[in-house]
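Scroll down for the structure; my scribbles are underneath it.
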Amino acid sequence: MPKKTQKQAKKVEQEKHWNTLAILGFIFAFIFNIVGLILSIIALVQINKSHEKGKGLAIAGLILSIIFVILTIIIVLLVLLTVGLVHSIGSLA
């Protein structure tokens, strides 16, 4: 079999499609963190099987989703702690 030329290799590379879930996972990482996390995980699994484009985007979506989920949990805990302290101080007065 003849070896592929650089033009043929570029053509094959251009024919690969972007994984839609990788794109959506990255976008949803900023809007709905949990949805972005789930979509990014599914995209990574699909990309590993189909060799589509978007692995870096899916990884970025995964990392951003994890960071934003952790930040959301911290903010909710701080708000609950603050409300609890204000309520306990108010009951003392």
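Chain identifiers are assigned as A, B, and so on, following the order in which chains appear in the structure tokens; residues are numbered from 1 within each chain, and ligands are numbered from 1 in order of appearance.
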
DSSP-assigned alpha helix (DSSP H) members of chain A, reported as a VMD selection string: chain A and resid 6 to 15 20 to 31 33 to 50 55 to 92

Within 10 Å of Ile66 in chain A using only C-alpha atoms, minus same-chain residues under 6 positions, as JSON, numbers by chain: {"A": [29, 33, 34, 36, 37, 60, 72]}

Next, the residues of the selection above should be written as an mmCIF file, in the first residue's frame with C-alpha atoms.
data_model
loop_
_atom_site.group_PDB
_atom_site.id
_atom_site.type_symbol
_atom_site.label_atom_id
_atom_site.label_comp_id
_atom_site.auth_asym_id
_atom_site.auth_seq_id
_atom_site.Cartn_x
_atom_site.Cartn_y
_atom_site.Cartn_z
ATOM 1 C CA ALA A 29 -19.665 24.760 32.221
ATOM 2 C CA ASN A 33 -22.144 23.526 35.974
ATOM 3 C CA ILE A 34 -23.532 20.041 36.552
ATOM 4 C CA GLY A 36 -21.496 20.941 31.656
ATOM 5 C CA LEU A 37 -19.760 18.302 33.765
ATOM 6 C CA ALA A 60 -11.497 22.262 29.463
ATOM 7 C CA THR A 72 -20.844 27.013 44.061
#

Exercise: range 45-58 of chain A partners within 12 Å, only C-alpha atoms, chain neighbours under 5 positions left out, as an MDAnalysis selection string: chainID A and resid 12:29 36:40 63:65

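Between Leu62 in chain A and the candidates A:Gly90, A:Leu85, A:Phe30, A:Thr5, the tightest atom-to-atom separation, counting only C-alpha atoms, involves A:Phe30.
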
Pairwise distance for CA of Val69 in chain A and CA of His87 in chain A, rounded to one decimal in Å: 26.9 Å
